[in-house]
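Right, one structure below, let's go through it.
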Amino acid sequence: MSGQEKSKLDQILAWLDRSDYYQILNVPKDAKSLQMKEAYFKLSKQYHPDKFYTLTDADSVEKITQVFKRVNEAYMVLKNPQKRKRYDEVAFGPEREQNLRYQPGDADRGGPANLEDNAKTPNGKKYLKLALVAQKNRDWKTAEANLKFAINFEPENTFIKKMMEKIKSEIASIPRDENPFRIR
């Protein structure tokens, strides 16, 4: 592999680190599965490591393998509707740069055994558990208060934030006459 080809490979790897999966496959965000599949096969033919079996430079082979793995990763996530939805939520959110790669989580394994295990700190778990009990009892204000405490302990926890949004929408949907907490 020439120096120019190695340089181009380095540029591709650097670009991959700044690109989301749609950019890697060169498809629009609303691409259908057939369009993604065609893009994937085109790129996999171009960067499949078996195509470069004659290379003796281990560094170049490793870099080509990394490119191929990233293309494969992009396709595997985007072809799965649940993973694609989850990826879209984080990759196009406020912390885009940190979420360009799909991070398998509890949702991919069917979720944690207990919902309070979505919190990582002891206090976060405590208040999340209290919020879950309040939610089960349809006590939306208590659930909201406990989620606020949980968020104080885990401000980056997306599960708690999503649950807070659901609780707030429940509170907002209560008719004025039935909500004893609203000022009349």
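Chain labels run A, B, ... following the order of the structure tokens; each chain numbers its residues from 1, and ligands are numbered from 1 in the order shown.
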
Please identify the helix (DSSP H, G or I) residues within range 7-181 of chain A (assignment by DSSP from backbone atoms) and present them as number ranges by chain. A: 7-17, 21-25, 33-47, 49-52, 58-78, 81-91, 96-99, 106-109, 115-118, 122-136, 140-153, 158-173, 176-178

C-alpha atoms of the current selection, written as a short mmCIF file (atom, residue, chain, number, x, y, z; two decimals), in the first residue's frame:
data_model
loop_
_atom_site.label_atom_id
_atom_site.label_comp_id
_atom_site.auth_asym_id
_atom_site.auth_seq_id
_atom_site.Cartn_x
_atom_site.Cartn_y
_atom_site.Cartn_z
CA SER A 7 -2.86 8.68 4.22
CA LYS A 8 -6.30 8.34 2.64
CA LEU A 9 -7.07 5.42 4.95
CA ASP A 10 -6.10 7.56 7.95
CA GLN A 11 -8.41 10.32 6.70
CA ILE A 12 -11.28 7.84 6.35
CA LEU A 13 -10.77 6.59 9.90
CA ALA A 14 -10.72 10.14 11.27
CA TRP A 15 -13.90 10.94 9.31
CA LEU A 16 -15.61 7.81 10.67
CA ASP A 17 -15.05 9.03 14.23
CA TYR A 21 -24.24 5.85 10.84
CA TYR A 22 -26.32 7.52 8.13
CA GLN A 23 -23.28 9.46 6.97
CA ILE A 24 -21.15 6.31 7.01
CA LEU A 25 -23.62 4.46 4.79
CA SER A 33 -34.16 -0.84 4.49
CA LEU A 34 -33.47 -1.64 0.82
CA GLN A 35 -31.58 1.61 0.32
CA MET A 36 -29.48 0.93 3.43
CA LYS A 37 -28.83 -2.64 2.35
CA GLU A 38 -27.59 -1.52 -1.07
CA ALA A 39 -25.31 1.09 0.48
CA TYR A 40 -23.97 -1.46 2.96
CA PHE A 41 -23.18 -4.06 0.29
CA LYS A 42 -21.44 -1.46 -1.86
CA LEU A 43 -19.21 -0.36 1.03
CA SER A 44 -18.60 -3.86 2.30
CA LYS A 45 -17.35 -4.92 -1.13
CA GLN A 46 -15.03 -1.94 -1.18
CA TYR A 47 -13.59 -2.40 2.34
CA PRO A 49 -10.62 -7.27 4.64
CA ASP A 50 -10.54 -10.36 2.41
CA LYS A 51 -10.13 -8.05 -0.57
CA PHE A 52 -6.77 -6.95 0.89
CA ALA A 58 -0.27 -5.27 9.54
CA ASP A 59 -1.10 -1.64 10.36
CA SER A 60 -2.92 -1.13 7.06
CA VAL A 61 -4.80 -4.42 7.42
CA GLU A 62 -5.91 -3.36 10.91
CA LYS A 63 -7.11 0.02 9.64
CA ILE A 64 -9.06 -1.55 6.78
CA THR A 65 -10.61 -3.98 9.25
CA GLN A 66 -11.65 -1.04 11.45
CA VAL A 67 -13.33 0.67 8.50
CA PHE A 68 -15.16 -2.52 7.58
CA LYS A 69 -16.27 -3.08 11.19
CA ARG A 70 -17.66 0.44 11.42
CA VAL A 71 -19.60 0.04 8.16
CA ASN A 72 -20.95 -3.28 9.44
CA GLU A 73 -21.83 -1.71 12.81
CA ALA A 74 -23.73 1.10 11.09
CA TYR A 75 -25.77 -1.31 9.03
CA MET A 76 -26.51 -3.68 11.92
CA VAL A 77 -27.88 -0.84 14.04
CA LEU A 78 -29.88 0.90 11.31
CA PRO A 81 -36.01 -0.84 14.00
CA GLN A 82 -35.63 -0.77 17.81
CA LYS A 83 -31.90 -0.07 17.73
CA ARG A 84 -32.38 2.51 15.00
CA LYS A 85 -35.01 4.34 17.05
CA ARG A 86 -32.80 4.31 20.14
CA TYR A 87 -29.78 5.42 18.10
CA ASP A 88 -31.72 8.29 16.51
CA GLU A 89 -32.76 9.51 19.96
CA VAL A 90 -29.20 9.79 21.25
CA ALA A 91 -27.21 10.46 18.08
CA ARG A 96 -24.31 14.25 19.50
CA GLU A 97 -20.51 13.93 19.50
CA GLN A 98 -20.55 11.50 22.45
CA ASN A 99 -23.32 9.37 20.96
CA ASP A 106 -30.34 -2.67 29.09
CA ALA A 107 -33.02 -2.15 26.43
CA ASP A 108 -31.11 -4.51 24.10
CA ARG A 109 -31.14 -7.21 26.76
CA LEU A 115 -36.73 -0.80 36.84
CA GLU A 116 -34.96 0.93 39.73
CA ASP A 117 -31.76 -0.72 38.45
CA ASN A 118 -31.84 1.89 35.68
CA PRO A 122 -27.88 4.31 45.80
CA ASN A 123 -29.87 7.54 46.23
CA GLY A 124 -30.87 7.52 42.57
CA LYS A 125 -32.22 3.98 42.99
CA LYS A 126 -34.03 4.92 46.20
CA TYR A 127 -35.89 7.86 44.66
CA LEU A 128 -36.53 6.10 41.37
CA LYS A 129 -38.11 3.21 43.27
CA LEU A 130 -40.31 5.64 45.21
CA ALA A 131 -41.31 7.32 41.93
CA LEU A 132 -42.20 3.95 40.39
CA VAL A 133 -44.42 3.08 43.36
CA ALA A 134 -46.13 6.48 43.11
CA GLN A 135 -46.59 6.02 39.36
CA LYS A 136 -48.19 2.62 39.93
CA TRP A 140 -48.30 11.79 39.68
CA LYS A 141 -47.15 14.65 41.94
CA THR A 142 -45.31 12.30 44.32
CA ALA A 143 -43.76 10.53 41.35
CA GLU A 144 -42.63 13.87 39.94
CA ALA A 145 -41.12 14.97 43.28
CA ASN A 146 -39.18 11.71 43.67
CA LEU A 147 -37.93 11.89 40.08
CA LYS A 148 -36.63 15.40 40.75
CA PHE A 149 -34.62 14.00 43.65
CA ALA A 150 -33.36 11.12 41.48
CA ILE A 151 -32.30 13.55 38.75
CA ASN A 152 -30.31 15.54 41.32
CA PHE A 153 -28.25 12.43 41.99
CA THR A 158 -31.80 9.25 30.28
CA PHE A 159 -34.21 6.71 31.77
CA ILE A 160 -35.08 9.04 34.65
CA LYS A 161 -35.41 12.01 32.27
CA LYS A 162 -37.79 10.08 30.00
CA MET A 163 -39.83 8.94 32.95
CA MET A 164 -40.05 12.56 34.14
CA GLU A 165 -41.41 13.59 30.72
CA LYS A 166 -44.08 10.88 30.93
CA ILE A 167 -45.09 11.92 34.43
CA LYS A 168 -45.29 15.59 33.42
CA SER A 169 -47.51 14.69 30.48
CA GLU A 170 -49.77 12.72 32.84
CA ILE A 171 -50.01 15.73 35.16
CA ALA A 172 -50.77 18.03 32.24
CA SER A 173 -53.52 15.73 30.99
CA ARG A 176 -58.54 21.11 36.04
CA ASP A 177 -61.51 19.96 38.14
CA GLU A 178 -59.86 16.63 39.01
#

The residue from A:Ser2, A:Asn137, A:Thr121, A:Asn26 with the smallest atom-to-atom distance to Glu156 in chain A, counting only C-alpha atoms, is A:Thr121

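Of the residues listed (A:Ala119, A:Leu100, A:Leu55, A:Ala31), A:Ala31 shows the shortest atom-to-atom separation from Lys79 in chain A; distances use only C-alpha atoms.
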
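Counting from CA of Glu5 in chain A, the distance to CA of Pro28 in chain A is 28.1 Å.
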
Between CA of Lys120 in chain A and CA of Tyr102 in chain A - distance in Å to one decimal: 20.0 Å

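CA of Ser19 in chain A is found 19.5 Å from CA of Lys32 in chain A.
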